[in-house]
>>> print(open('work-v4.csv').read())   # CSV, C-alpha atoms
chain,number,residue,atom,x,y,z
V,99,MET,CA,117.9,97.9,92.6
V,100,ASP,CA,116.1,101.0,91.5
V,101,LEU,CA,118.8,103.7,91.8
V,102,GLY,CA,116.4,106.5,91.0
V,103,THR,CA,114.3,105.7,94.0
V,104,VAL,CA,117.3,105.2,96.3
V,105,ILE,CA,119.1,108.3,95.1
V,106,GLY,CA,115.9,110.4,95.4
V,107,ILE,CA,115.2,109.4,99.0
V,108,VAL,CA,118.9,109.8,100.0
V,109,LEU,CA,119.1,113.2,98.3
V,110,ILE,CA,116.0,114.5,100.0
V,111,LEU,CA,117.2,113.4,103.5
V,112,VAL,CA,120.7,114.8,102.9
V,113,LEU,CA,119.4,118.2,101.8
V,114,LEU,CA,117.0,118.3,104.7
V,115,LEU,CA,119.5,117.3,107.3
V,116,GLY,CA,122.2,119.5,105.8
V,117,SER,CA,119.9,122.5,105.9
V,118,MET,CA,119.1,121.8,109.5
V,119,ALA,CA,122.7,121.4,110.4
V,120,MET,CA,123.6,124.7,108.8
V,121,GLY,CA,121.0,126.4,110.8
V,122,VAL,CA,120.5,125.8,114.5
V,123,GLY,CA,121.7,122.2,114.3
V,124,ILE,CA,119.9,118.9,113.9
V,125,GLY,CA,119.4,118.5,117.6
V,126,ALA,CA,116.9,121.4,117.7
V,127,TYR,CA,114.6,119.5,115.3
V,128,VAL,CA,114.5,116.3,117.5
V,129,ASP,CA,111.5,116.1,119.8
V,130,ILE,CA,110.5,112.8,121.2
V,131,PRO,CA,106.8,113.8,122.0
V,132,SER,CA,106.4,114.9,118.4
V,133,VAL,CA,107.9,111.6,117.1
V,134,LEU,CA,105.5,109.6,119.3
V,135,ILE,CA,102.5,111.6,118.1
V,136,VAL,CA,103.2,111.5,114.4
V,137,VAL,CA,105.0,108.2,113.9
V,138,GLY,CA,103.3,106.3,116.6
V,139,GLY,CA,99.9,107.8,115.9
V,140,SER,CA,100.0,107.3,112.2
V,141,MET,CA,101.3,103.7,112.5
V,142,GLY,CA,98.5,103.0,115.0
V,143,ALA,CA,95.9,104.4,112.6
V,144,LEU,CA,97.4,102.2,109.8
V,145,MET,CA,97.0,99.1,111.9
V,146,VAL,CA,93.3,100.0,112.3
V,147,SER,CA,92.9,100.7,108.5
V,148,PHE,CA,94.5,97.5,107.2
V,149,LYS,CA,94.6,93.8,108.1
V,150,PRO,CA,97.4,92.5,110.3
V,151,LYS,CA,98.7,90.3,107.4
V,152,GLN,CA,99.0,93.4,105.2
V,153,MET,CA,100.8,95.4,107.9
V,154,LYS,CA,103.1,92.5,108.6
V,155,GLY,CA,104.5,93.0,105.0
V,156,PHE,CA,105.0,96.7,105.4
V,157,ILE,CA,108.8,96.5,105.1
V,158,LYS,CA,108.6,94.0,102.3
V,159,ILE,CA,106.3,96.2,100.4
V,160,PHE,CA,108.7,99.2,100.9
V,161,MET,CA,111.6,97.1,99.6
V,162,LYS,CA,109.6,96.4,96.4
V,163,ALA,CA,109.9,100.1,95.7
V,164,ILE,CA,113.7,100.0,96.3
V,165,LYS,CA,114.5,96.6,94.8
V,166,PRO,CA,111.7,95.5,92.4
V,167,ASP,CA,111.5,92.1,90.8
V,168,GLU,CA,111.4,93.5,87.3
V,169,GLU,CA,111.8,91.7,84.0
V,170,ASP,CA,113.1,93.2,80.8
V,171,PRO,CA,110.2,93.3,78.2
V,172,LYS,CA,112.7,92.9,75.3
V,173,GLU,CA,114.2,89.8,76.9
V,174,LEU,CA,110.7,88.4,77.5
V,175,ILE,CA,109.8,88.9,73.9
V,176,GLN,CA,113.0,87.1,72.8
V,177,ARG,CA,112.0,84.1,75.0
V,178,LEU,CA,108.5,84.0,73.6
V,179,VAL,CA,109.7,84.2,70.1
V,180,ALA,CA,112.1,81.3,70.8
V,181,PHE,CA,109.2,79.3,72.2
V,182,ALA,CA,107.1,80.1,69.1
V,183,THR,CA,110.0,79.1,66.8
V,184,GLN,CA,110.5,75.8,68.5
V,185,ALA,CA,106.7,75.1,68.6
V,186,ARG,CA,106.4,75.7,64.9
V,187,LYS,CA,109.3,73.5,64.1
V,188,ASP,CA,108.8,70.5,66.5
V,189,GLY,CA,105.3,71.0,67.9
V,190,ILE,CA,104.1,72.6,71.1
V,191,LEU,CA,104.9,69.4,73.1
V,192,SER,CA,108.6,69.9,72.5
V,193,LEU,CA,108.5,73.0,74.8
V,194,GLU,CA,107.8,70.9,77.9
V,195,SER,CA,111.4,70.5,79.1
V,196,ASP,CA,112.2,74.2,78.5
V,197,VAL,CA,109.0,75.3,80.2
V,198,ASN,CA,109.8,73.2,83.3
V,199,ASN,CA,113.0,75.3,83.6
V,200,GLU,CA,111.2,78.6,83.1
V,201,GLU,CA,111.7,81.0,86.0
V,202,ASN,CA,108.7,83.2,85.3
V,203,ALA,CA,105.9,81.5,87.2
V,204,PHE,CA,103.1,83.2,85.2
V,205,LEU,CA,104.6,82.2,81.9
V,206,LYS,CA,105.3,78.7,83.1
V,207,LYS,CA,101.8,78.2,84.2
V,208,GLY,CA,100.3,79.4,81.0
V,209,LEU,CA,102.6,77.4,78.7
V,210,SER,CA,102.1,74.3,80.8
V,211,MET,CA,98.3,74.6,80.3
V,212,ALA,CA,98.8,75.0,76.6
V,213,ILE,CA,101.1,72.0,76.4
V,214,ASP,CA,98.5,70.0,78.3
V,215,GLY,CA,96.0,70.8,75.6
V,216,SER,CA,93.7,73.2,77.5
V,217,GLU,CA,91.3,75.3,75.5
V,218,PRO,CA,92.6,78.8,74.6
V,219,ASP,CA,89.6,80.5,76.3
V,220,ILE,CA,90.2,78.6,79.5
V,221,ILE,CA,93.8,79.5,79.6
V,222,ARG,CA,93.1,83.2,78.9
V,223,GLU,CA,90.4,83.3,81.5
V,224,LEU,CA,92.5,81.7,84.2
V,225,LEU,CA,95.5,83.8,83.5
V,226,GLU,CA,93.5,87.0,83.4
V,227,ILE,CA,91.9,86.2,86.7
V,228,GLU,CA,95.3,85.7,88.3
V,229,MET,CA,96.6,88.9,86.7
V,230,GLU,CA,93.7,90.9,88.0
V,231,GLN,CA,93.8,89.5,91.5
V,232,THR,CA,97.6,90.1,91.7
V,233,SER,CA,97.1,93.7,90.5
V,234,GLN,CA,94.4,94.2,93.2
V,235,ARG,CA,96.7,92.9,95.9
V,236,HIS,CA,99.5,95.2,94.8
V,237,THR,CA,97.1,98.2,94.7
V,238,ILE,CA,95.9,97.5,98.3
V,239,ASN,CA,99.5,97.1,99.5
V,240,GLY,CA,100.6,100.3,97.8
V,241,SER,CA,97.6,102.2,99.3
V,242,ILE,CA,99.2,101.6,102.7
V,243,PHE,CA,101.8,104.2,101.9
V,244,ASN,CA,99.2,106.6,100.4
V,245,GLN,CA,97.2,106.3,103.6
V,246,TRP,CA,100.3,106.8,105.7
V,247,ALA,CA,101.0,110.1,103.9
V,248,GLY,CA,97.5,111.3,104.8
V,249,LEU,CA,97.5,110.0,108.3
V,250,ALA,CA,101.0,111.3,109.1
V,251,GLY,CA,99.9,114.8,108.0
V,252,ALA,CA,96.7,114.5,110.1
V,253,MET,CA,98.7,113.4,113.1
V,254,GLY,CA,101.0,116.3,112.5
V,255,MET,CA,98.0,118.7,112.8
V,256,VAL,CA,96.8,116.9,115.9
V,257,GLY,CA,100.3,117.4,117.5
V,258,THR,CA,100.2,121.0,116.5
V,259,LEU,CA,96.9,121.5,118.3
V,260,ILE,CA,98.2,119.6,121.3
V,261,GLY,CA,101.2,121.9,121.4
V,262,LEU,CA,99.1,125.1,121.0
V,263,VAL,CA,96.8,124.0,123.8
V,264,ALA,CA,99.7,123.4,126.1
V,265,MET,CA,101.3,126.7,125.1
V,266,LEU,CA,98.1,128.7,125.8
V,267,LEU,CA,97.6,127.0,129.1
V,268,ASN,CA,101.1,128.0,130.2
V,269,MET,CA,101.2,131.6,129.0
V,270,ALA,CA,102.0,132.7,132.5
V,271,ASP,CA,105.2,130.6,132.5
V,272,PRO,CA,107.5,131.8,129.7
V,273,SER,CA,109.8,128.8,130.1
V,274,ALA,CA,106.9,126.4,129.1
V,275,ILE,CA,106.0,128.3,125.9
V,276,GLY,CA,109.1,127.2,124.0
V,277,PRO,CA,108.8,123.4,124.4
V,278,SER,CA,105.0,123.6,123.7
V,279,MET,CA,105.6,125.6,120.5
V,280,ALA,CA,108.3,123.1,119.5
V,281,VAL,CA,105.8,120.3,119.7
V,282,ALA,CA,103.3,122.3,117.8
V,283,LEU,CA,105.7,123.1,114.9
V,284,LEU,CA,107.8,119.9,114.8
V,285,THR,CA,104.8,117.5,114.6
V,286,THR,CA,103.6,119.4,111.4
V,287,MET,CA,107.2,119.1,110.0
V,288,TYR,CA,107.4,115.4,110.8
V,289,GLY,CA,104.0,114.7,109.2
V,290,ALA,CA,105.1,116.6,106.1
V,291,ILE,CA,108.4,114.7,105.8
V,292,ILE,CA,106.8,111.3,106.2
V,293,GLY,CA,104.1,112.1,103.7
V,294,ASN,CA,106.3,113.7,101.0
V,295,VAL,CA,109.4,111.6,101.3
V,296,PHE,CA,108.1,108.2,102.1
V,297,GLY,CA,104.3,108.1,101.8
V,298,THR,CA,103.2,109.6,98.5
V,299,PRO,CA,106.4,108.9,96.5
V,300,ILE,CA,106.5,105.2,97.5
V,301,TYR,CA,102.8,104.9,96.7
V,302,ASN,CA,103.4,106.4,93.2
V,303,ILE,CA,106.3,104.2,92.3
V,304,LEU,CA,104.5,101.0,93.5
V,305,ALA,CA,101.5,102.0,91.3
V,306,ILE,CA,103.9,102.3,88.3
V,307,ARG,CA,105.5,98.9,89.1
V,308,ASN,CA,102.0,97.4,89.3
V,309,LYS,CA,101.1,98.7,85.9
V,310,ASP,CA,104.4,97.5,84.4
V,311,GLU,CA,103.9,94.0,85.9
V,312,SER,CA,100.3,93.9,84.5
V,313,MET,CA,101.6,94.9,81.0
V,314,LEU,CA,104.2,92.1,81.1
V,315,LYS,CA,101.5,89.6,82.0
V,316,GLU,CA,99.3,90.9,79.2
V,317,MET,CA,102.3,90.3,76.9
V,318,ILE,CA,102.7,86.8,78.2
V,319,ILE,CA,99.0,86.0,77.6
V,320,THR,CA,99.2,87.4,74.1
V,321,GLY,CA,102.3,85.3,73.4
V,322,ILE,CA,100.8,82.1,74.8
V,323,MET,CA,97.7,82.5,72.7
V,324,SER,CA,99.8,83.2,69.6
V,325,ILE,CA,102.0,80.1,70.3
V,326,GLN,CA,99.0,77.9,70.8
V,327,SER,CA,97.3,79.1,67.6
V,328,GLY,CA,100.5,78.4,65.6
V,329,ASP,CA,101.3,81.9,64.6
V,330,ALA,CA,104.6,82.5,62.9
V,331,PRO,CA,107.3,83.8,65.2
V,332,ARG,CA,107.5,87.1,63.2
V,333,VAL,CA,103.7,87.6,63.7
V,334,LEU,CA,104.0,86.9,67.4
V,335,GLU,CA,106.9,89.3,67.7
V,336,SER,CA,104.9,92.0,66.0
V,337,LYS,CA,102.1,91.6,68.4
V,338,LEU,CA,104.4,91.8,71.4
V,339,LEU,CA,106.4,94.8,70.1
V,340,ALA,CA,103.1,96.8,70.0
V,341,TYR,CA,103.2,96.9,73.8
V,342,LEU,CA,106.5,98.8,73.8
V,343,THR,CA,107.2,102.4,73.0
V,344,PRO,CA,108.2,103.0,69.3
V,345,SER,CA,111.8,103.7,70.2
V,346,ASP,CA,112.1,100.2,71.9
V,347,ARG,CA,110.5,98.2,69.0
V,348,VAL,CA,113.6,96.4,67.6
V,349,SER,CA,112.8,93.2,65.7
V,350,GLN,CA,115.0,90.2,65.8
V,351,PHE,CA,114.1,89.5,62.1
V,352,ASP,CA,115.4,92.8,60.7
>>> encode(input="work-v4.csv", output="structure tokens")
Amino acid sequence: MDLGTVIGIVLILVLLLGSMAMGVGIGAYVDIPSVLIVVGGSMGALMVSFKPKQMKGFIKIFMKAIKPDEEDPKELIQRLVAFATQARKDGILSLESDVNNEENAFLKKGLSMAIDGSEPDIIRELLEIEMEQTSQRHTINGSIFNQWAGLAGAMGMVGTLIGLVAMLLNMADPSAIGPSMAVALLTTMYGAIIGNVFGTPIYNILAIRNKDESMLKEMIITGIMSIQSGDAPRVLESKLLAYLTPSDRVSQFD
């Protein structure tokens, strides 16, 4: 679980709710018509903007931000070095039993093709196609939250206009001015909260996770090519460590 994302969301909500409670109370900020306009309106617009299959995974995509399926690059390098060491010692065919137990599907697929004797160019091409297509799917899924941020803000403005129209039409009735003004202001607030707490931040962290996943897959492709070409484990490790920041480049051979 990504504690940074969880703590950040919880901290924002606690501070917002705490500020409301210390003022006029949380109840004053609850308005059902405003919720219907902003939440219902923005979700309806999202359903128009994306395919049903993509919207069906809305919660699953959100959970990817909270609990990502991340792999440690250092541990991945150690595994690839171990594969390279075994392949240099006993031949690439000796990796078959270990590869069958590999949990990383992308690594398993690539090494299996190498063990089967596929040409390096074919292996690289197929893996790069899969990597690019996966990255594109992640980008589209993440854009749902970016769109949500914009649509929620827009619906907040729509609600503000609705509230102002209702207020202006009832200027002769002082008792109707307050509720209309509440709708006008609260819809803007709800739109801003959705956009700046859930929409844009979730989109940003999903984009970062997508880049991290693509980097790991690039490392895997480099490792497989190196293993298949018979590079020494130290050479393979040097290639893979280049993907990491200088402070994380710790060699097993030092």
>>> residues_near_point(input="work-v4.csv", point="(108.1, 91.0, 71.1)", cutoff="9 Å", atoms="all atoms listed in the file", output="ChimeraX atom specification")
/V:171-179,317,321,332,334-342,347-350
>>> residues_around(input="work-v4.csv", residues="region 252-261 of chain V", least_positions_apart="5", cutoff="7 Å", atoms="only C-alpha atoms", output="ChimeraX atom specification")
/V:132,135-136,139-140,278-279,281-283,285-286,288-289
>>> atom_distance(input="work-v4.csv", atom1="CA of Ile291 (chain V)", atom2="CA of Ile110 (chain V)")
9.6 Å
>>> residues_around(input="work-v4.csv", residues="Ile300 (chain V)", least_positions_apart="4", cutoff="9 Å", atoms="all atoms listed in the file", output="compact mmCIF listing (two decimals) with C-alpha atoms, in the coordinates of the input")
# COMPACT_ATOMS: atom_id res chain seq x y z
CA THR V 103 114.30 105.70 94.00
CA PHE V 160 108.70 99.20 100.90
CA ALA V 163 109.90 100.10 95.70
CA ILE V 164 113.70 100.00 96.30
CA GLY V 240 100.60 100.30 97.80
CA PHE V 243 101.80 104.20 101.90
CA ASN V 244 99.20 106.60 100.40
CA VAL V 295 109.40 111.60 101.30
CA PHE V 296 108.10 108.20 102.10
CA LEU V 304 104.50 101.00 93.50
CA ALA V 305 101.50 102.00 91.30
>>> atom_distance(input="work-v4.csv", atom1="CA of Lys162 (chain V)", atom2="CA of Tyr301 (chain V)")
10.9 Å
>>> closest_residue(input="work-v4.csv", among="V:Glu226, V:Asp219, V:Glu311, V:Asp188", to="Asn202 (chain V)", atoms="all atoms listed in the file")
V:Glu311
>>> closest_residue(input="work-v4.csv", among="V:Leu262, V:Met287, V:Leu209, V:Leu111", to="Ser324 (chain V)", atoms="only C-alpha atoms")
V:Leu209
